[in-house]
Every structure is written in structure tokens, then in C-alpha cells.
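K.L.:
Compact mmCIF, C-alpha atoms, file start-v3.txt:
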```txt
# COMPACT_ATOMS: atom_id res chain seq x y z
CA MET A 1 -22.25 -12.79 -8.38
CA PRO A 2 -19.94 -14.21 -11.10
CA VAL A 3 -16.19 -13.68 -10.99
CA TYR A 4 -15.02 -12.10 -14.22
CA ARG A 5 -12.27 -13.65 -16.31
CA LEU A 6 -10.07 -10.89 -17.71
CA SER A 7 -8.89 -10.97 -21.31
CA ASP A 8 -5.98 -9.17 -22.95
CA LYS A 9 -8.20 -6.11 -23.24
CA LEU A 10 -7.21 -3.44 -20.74
CA VAL A 11 -10.49 -3.15 -18.85
CA PHE A 12 -12.00 -4.09 -15.47
CA PRO A 13 -15.61 -4.63 -14.45
CA HIS A 14 -16.99 -2.03 -12.04
CA PRO A 15 -15.99 -2.66 -8.39
CA SER A 16 -19.66 -2.87 -7.40
CA LEU A 17 -19.76 -6.23 -9.21
CA SER A 18 -17.39 -7.79 -6.67
CA ASN A 19 -18.43 -10.83 -4.67
CA GLU A 20 -19.34 -10.47 -1.01
CA ASP A 21 -15.71 -11.10 -0.03
CA GLY A 22 -14.47 -8.45 -2.48
CA LEU A 23 -13.25 -10.72 -5.28
CA LEU A 24 -13.97 -9.05 -8.62
CA ALA A 25 -11.97 -10.74 -11.37
CA VAL A 26 -9.32 -13.32 -12.17
CA GLY A 27 -6.60 -13.43 -14.81
CA GLY A 28 -5.09 -10.68 -16.89
CA ASP A 29 -1.52 -9.62 -16.30
CA LEU A 30 0.64 -7.43 -14.07
CA SER A 31 1.67 -4.86 -16.66
CA CYS A 32 2.23 -1.37 -15.34
CA ARG A 33 -0.70 -0.07 -17.38
CA ARG A 34 -3.09 -2.66 -15.98
CA LEU A 35 -1.88 -2.16 -12.42
CA CYS A 36 -2.32 1.60 -12.64
CA LEU A 37 -5.79 1.18 -14.13
CA ALA A 38 -6.70 -1.18 -11.29
CA TYR A 39 -5.64 1.20 -8.52
CA GLU A 40 -7.33 4.13 -10.26
CA ASN A 41 -10.56 2.14 -10.00
CA GLY A 42 -10.16 0.98 -6.41
CA ILE A 43 -8.96 -2.51 -7.35
CA PHE A 44 -5.80 -4.34 -6.28
CA PRO A 45 -4.22 -7.74 -7.07
CA TRP A 46 -3.39 -10.70 -4.87
CA TYR A 47 -2.18 -14.08 -6.04
CA SER A 48 -3.76 -17.44 -5.26
CA GLY A 49 -1.66 -20.24 -6.66
CA ASP A 50 -0.95 -19.38 -10.29
CA ASP A 51 -3.96 -17.08 -10.67
CA ILE A 52 -3.99 -13.31 -10.34
CA LEU A 53 -7.05 -12.35 -8.32
CA TRP A 54 -8.37 -8.77 -8.40
CA TRP A 55 -10.16 -7.38 -5.36
CA SER A 56 -12.30 -4.43 -4.35
CA PRO A 57 -13.59 -5.14 -0.83
CA ASP A 58 -16.51 -3.46 0.88
CA PRO A 59 -15.92 -1.94 3.37
CA ARG A 60 -12.52 -0.43 2.59
CA PHE A 61 -9.97 0.19 5.34
CA LEU A 62 -8.49 3.70 5.17
CA LEU A 63 -6.19 5.87 7.22
CA PHE A 64 -6.89 9.58 6.98
CA PRO A 65 -3.65 11.35 7.95
CA LYS A 66 -5.48 13.83 10.17
CA ASP A 67 -6.77 10.87 12.21
CA LEU A 68 -3.36 9.33 12.85
CA LYS A 69 -3.17 8.09 16.45
CA ILE A 70 0.16 7.97 18.24
CA SER A 71 -0.26 6.44 21.68
CA LYS A 72 1.61 7.78 24.70
CA SER A 73 3.76 4.66 24.73
CA MET A 74 4.55 5.14 21.04
CA GLN A 75 5.38 8.80 21.59
CA LYS A 76 7.80 7.73 24.33
CA PHE A 77 9.32 5.17 21.96
CA LEU A 78 9.76 7.75 19.20
CA ARG A 79 11.62 10.07 21.55
CA LYS A 80 14.34 7.42 21.89
CA ASN A 81 15.27 8.01 18.21
CA MET A 82 16.31 4.37 17.86
CA TYR A 83 15.71 4.23 14.14
CA LYS A 84 16.68 6.12 11.03
CA VAL A 85 13.98 6.42 8.36
CA THR A 86 14.69 6.80 4.65
CA PHE A 87 12.60 6.98 1.48
CA ASP A 88 13.06 5.03 -1.77
CA THR A 89 16.58 3.79 -1.01
CA CYS A 90 15.93 0.03 -1.35
CA PHE A 91 12.44 -0.61 -2.72
CA ARG A 92 13.10 -4.19 -3.82
CA ASP A 93 14.55 -5.16 -0.43
CA VAL A 94 11.52 -3.77 1.39
CA MET A 95 9.09 -5.62 -0.85
CA ALA A 96 11.08 -8.85 -0.62
CA ASN A 97 11.13 -8.62 3.17
CA CYS A 98 7.37 -8.13 3.22
CA GLY A 99 7.02 -11.38 1.29
CA ASN A 100 9.62 -13.29 3.29
CA LEU A 101 7.84 -12.65 6.58
CA ARG A 102 4.68 -14.22 5.15
CA LYS A 103 6.12 -17.18 3.27
CA GLU A 104 3.23 -19.46 4.20
CA ASN A 105 0.59 -16.96 3.06
CA THR A 106 2.01 -14.34 0.72
CA TRP A 107 0.88 -12.92 -2.59
CA ILE A 108 4.31 -11.37 -3.18
CA ASN A 109 5.85 -13.74 -5.71
CA GLU A 110 8.52 -13.05 -8.33
CA ASP A 111 5.97 -11.75 -10.83
CA MET A 112 4.59 -9.26 -8.32
CA LEU A 113 8.09 -8.25 -7.28
CA GLY A 114 9.16 -7.59 -10.86
CA SER A 115 6.04 -5.60 -11.77
CA TYR A 116 6.12 -3.35 -8.72
CA CYS A 117 9.83 -2.73 -9.19
CA GLU A 118 8.95 -1.49 -12.68
CA LEU A 119 6.36 0.83 -11.13
CA HIS A 120 9.07 2.01 -8.76
CA LYS A 121 11.33 2.87 -11.70
CA LEU A 122 8.44 4.90 -13.14
CA GLY A 123 8.13 6.88 -9.90
CA ILE A 124 4.73 5.38 -9.02
CA ALA A 125 5.64 2.77 -6.39
CA HIS A 126 7.62 3.86 -3.34
CA SER A 127 9.10 2.53 -0.14
CA VAL A 128 9.81 3.81 3.34
CA GLU A 129 12.69 2.11 5.17
CA THR A 130 13.48 1.83 8.87
CA TRP A 131 17.10 1.23 9.86
CA TYR A 132 18.83 0.20 13.06
CA GLU A 133 22.62 0.45 13.09
CA ASN A 134 22.71 0.41 9.27
CA ARG A 135 20.51 -2.70 9.15
CA LEU A 136 17.10 -2.72 7.47
CA VAL A 137 14.62 -3.70 10.19
CA GLY A 138 11.28 -2.51 8.87
CA GLY A 139 9.41 -0.60 6.24
CA LEU A 140 6.47 -0.40 3.90
CA TYR A 141 5.74 0.03 0.20
CA GLY A 142 2.86 1.13 -1.96
CA LEU A 143 1.74 3.33 -4.83
CA SER A 144 1.41 7.10 -4.90
CA MET A 145 -1.19 8.45 -7.33
CA GLY A 146 -2.59 11.96 -7.08
CA SER A 147 -2.91 12.70 -3.37
CA CYS A 148 -3.62 9.04 -2.53
CA PHE A 149 -1.20 6.46 -1.20
CA PHE A 150 -2.13 2.82 -1.76
CA GLY A 151 -0.37 0.88 0.98
CA GLU A 152 0.53 -2.63 -0.10
CA SER A 153 2.44 -4.23 2.76
CA MET A 154 4.63 -3.61 5.80
CA PHE A 155 7.27 -5.60 7.62
CA SER A 156 9.09 -5.35 10.91
CA THR A 157 11.88 -7.38 12.49
CA MET A 158 12.26 -5.10 15.51
CA ASP A 159 9.75 -3.46 17.82
CA ASN A 160 7.59 -0.79 16.14
CA ALA A 161 9.81 -0.58 13.04
CA SER A 162 6.90 -0.63 10.58
CA LYS A 163 4.86 1.76 12.72
CA VAL A 164 7.75 4.23 12.71
CA ALA A 165 7.87 4.02 8.90
CA LEU A 166 4.14 4.71 8.59
CA ILE A 167 4.19 7.56 11.09
CA GLU A 168 7.09 9.18 9.26
CA LEU A 169 5.27 8.77 5.93
CA VAL A 170 2.20 10.54 7.30
CA LYS A 171 4.28 13.31 8.84
CA ARG A 172 6.44 13.98 5.81
CA ILE A 173 4.00 13.68 2.88
CA GLU A 174 0.55 15.30 2.86
CA PHE A 175 -1.68 12.59 1.39
CA SER A 176 -5.46 12.95 1.45
CA LEU A 177 -5.85 9.26 2.27
CA ILE A 178 -3.84 6.10 2.77
CA ASP A 179 -5.55 2.96 1.47
CA CYS A 180 -4.94 0.05 3.84
CA GLN A 181 -7.24 -2.26 1.83
CA VAL A 182 -8.61 -4.58 4.55
CA TYR A 183 -8.93 -4.41 8.32
CA SER A 184 -5.99 -5.09 10.61
CA GLU A 185 -5.77 -4.51 14.35
CA HIS A 186 -2.25 -3.14 13.86
CA LEU A 187 -3.44 -0.31 11.61
CA GLU A 188 -6.63 0.29 13.57
CA SER A 189 -4.44 1.15 16.55
CA LEU A 190 -2.93 3.92 14.40
CA GLY A 191 -6.30 5.37 13.47
CA ALA A 192 -7.37 3.49 10.32
CA THR A 193 -11.10 2.95 9.91
CA ASN A 194 -13.57 1.20 7.62
CA VAL A 195 -15.59 3.18 5.09
CA SER A 196 -18.05 1.93 2.50
CA ARG A 197 -16.71 1.12 -0.95
CA ASP A 198 -18.93 3.84 -2.45
CA THR A 199 -17.42 6.42 -0.09
CA PHE A 200 -13.93 5.17 -0.88
CA LEU A 201 -14.51 5.45 -4.63
CA GLU A 202 -15.75 9.03 -4.21
CA LEU A 203 -12.69 9.95 -2.14
CA LEU A 204 -10.46 8.15 -4.61
CA ASP A 205 -11.87 10.11 -7.53
CA GLN A 206 -11.23 13.37 -5.68
CA GLY A 207 -7.72 12.34 -4.68
CA LEU A 208 -6.68 11.25 -8.16
CA ASN A 209 -7.64 14.69 -9.47
CA ASN A 210 -5.27 16.35 -7.01
CA ARG A 211 -1.63 17.04 -7.71
CA ALA A 212 0.92 14.73 -6.12
CA PRO A 213 1.98 16.21 -2.76
CA ILE A 214 5.67 15.64 -3.47
CA GLY A 215 8.09 15.06 -6.34
CA SER A 216 11.05 12.76 -5.81
CA TRP A 217 10.80 10.90 -2.52
CA ARG A 218 14.58 10.63 -2.41
CA ASN A 219 14.72 14.37 -1.75
CA LEU A 220 13.31 13.63 1.71
CA ASN A 221 16.60 11.94 2.58
CA SER A 222 18.66 15.12 2.31
```
Before anything else, please render the file you have as C-alpha cells.

P.N.:
Amino acid sequence: MPVYRLSDKLVFPHPSLSNEDGLLAVGGDLSCRRLCLAYENGIFPWYSGDDILWWSPDPRFLLFPKDLKISKSMQKFLRKNMYKVTFDTCFRDVMANCGNLRKENTWINEDMLGSYCELHKLGIAHSVETWYENRLVGGLYGLSMGSCFFGESMFSTMDNASKVALIELVKRIEFSLIDCQVYSEHLESLGATNVSRDTFLELLDQGLNNRAPIGSWRNLNS
């Protein structure tokens, strides 16, 4: 299957045309309009060198909030109330930390950082932050569209800090699905599962037609 070279035209090939590994297209740009169009069609960008690569893997790794698993050990940890969790207080810092923890293998470069910060200003990209003694120790970021949350990355510098952020996100905002993109043991332990790309695209279409479950995420901090 050929990999499509994107032009300046704001269009993507259908996700079903992806290669076996999920690679669909290369090139284009990271404008807010193109990024939103990508996510609306089940596509997301990663960088490889100087090239923007666009992906739509099959299967797709999803977390359905109703299936969230909190182990007994995690429940015990949560009862300690070690961390404070906030929403949308330092988006750029969360995203930068996600990149810094993966310096040898990260797609989060300055171009990505700038574009997603623009999406944050538009109220599309959001972050959840985990704090310990007024120090940022974990969090996650992604895009909220309709009733879907497209998780992009997580980071943690203390035990369970990213898990606490995800659990709080699921508890506080009623999404129909959380897109985790590709398999990870970390997220599987919390209940995420693989579904076919066709199933994902059907669920995505339904979710995008729903109203957003919440307005300003900052209101959750009050």
C-alpha cells in the first residue's frame, strides 16, 4: 500500500488506506485546521526526523470509561490523597514534560508543542496535572472533540502520578471513549482494550455528533 504525500490541500486519504503498521500519509502541516480534520477522521501525527507522519493504526487502543479498572493496590494508594489534581493550569509544561521524558524517542518537538498550544488556546487541547507539594509530578494531555477524548501522551516522575491524572479525568468528565492510539501495558492495566479500526471509526462518528460533556475545564478546579 503506498504512503500518500500530502499537499497544501486540506484533505486526507481514508484511514483504510493505511499500511499494515498504520502509516497513512506523510507531509502537510500542523495547522489547527489540519490537526482537527485528522482527529475527526481517526488520524494522528507523529514526527520522524523532519517529516510529519500521519497514522491510523488497526487495531485501535481505546479506554471506555465504564471499563476503567482501579486495582485494590491503586485504590489503597488513592486513599492516601498524596496528590492534588488540576485541569488546564499548565498545558505547555505538561506537554513539554511528556517530551522530555522520551528525549531519545519523542515526536514532541517544538513544532508539535507550538501547534498543540494553539489548540489549547482554542479550547480543543487540554491537560490534567498531578501535583505533589506544589511541584508538577505527572499529567496527561490530549484533544476533546464531541464526547471523545484523544489522549496524546502522559508523564510521571513519581509513583502513579499519571495514573491518578487519568483516573481523575475519567471520574470528572463523562467521555464516551478515550483514544489511547496504540497498545501499552500501562493503559491495559487500567482497562484499555483493542478494537478494530472500523469499530473505532463508527464510535468516533457517534462521539463527534455528541455535545461536549463539559465547558471550561478550568471550572473543575474550583

K.L.:
Quick check, in Å to one decimal: how far apart do CA of Asp51 (chain A) and CA of Leu23 (chain A) lie?

P.N.:
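Result for CA of Asp51 (chain A) versus CA of Leu23 (chain A): 12.5 Å, one decimal.
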
K.L.:
Rank A:Leu78, A:Leu136, A:Val195, A:Leu113 by their smallest atom-to-atom distance to Tyr47 (chain A), using all atoms listed in the file, and report the top residue only.

P.N.:
A:Leu113

K.L.:
Tell me, in Å to one decimal, how far CA of Val128 (chain A) is from CA of Trp55 (chain A).

P.N.:
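CA of Trp55 (chain A) lies at a distance of 24.5 Å from CA of Val128 (chain A).
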
K.L.:
Taking only C-alpha atoms into account, which of A:Leu140, A:Leu169, A:Cys180, A:Ala38 comes nearest Phe155 (chain A)?

P.N.:
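Residue with the minimum atom-to-atom distance to Phe155 (chain A): A:Leu140.
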
K.L.:
Give me, as a list in words, all polymer residues having an atom no more than 12 Å from Glu20 (chain A), counting only C-alpha atoms and skipping those fewer than 4 positions away in the same chain.

P.N.:
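My list of contacting residues is Met1, Pro2, Val3, Pro15, Ser16, Leu24, Trp55, Ser56, Pro57, Asp58, Pro59 and Arg197 of chain A.
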
K.L.:
Might you pull out every residue within 10 Å of Thr86 (chain A), with all atoms listed in the file counted and same-chain residues fewer than 2 positions away left off, and present them as a list in words?

P.N.:
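Once the adjacent positions are removed, what remains is Tyr83, Lys84, Asp88, Thr89, Cys90, Ser127, Val128, Glu129, Thr130, Trp131, Gly139, Ala165, Glu168, Leu169, Trp217, Arg218, Asn219, Leu220, Asn221 and Ser222 of chain A.
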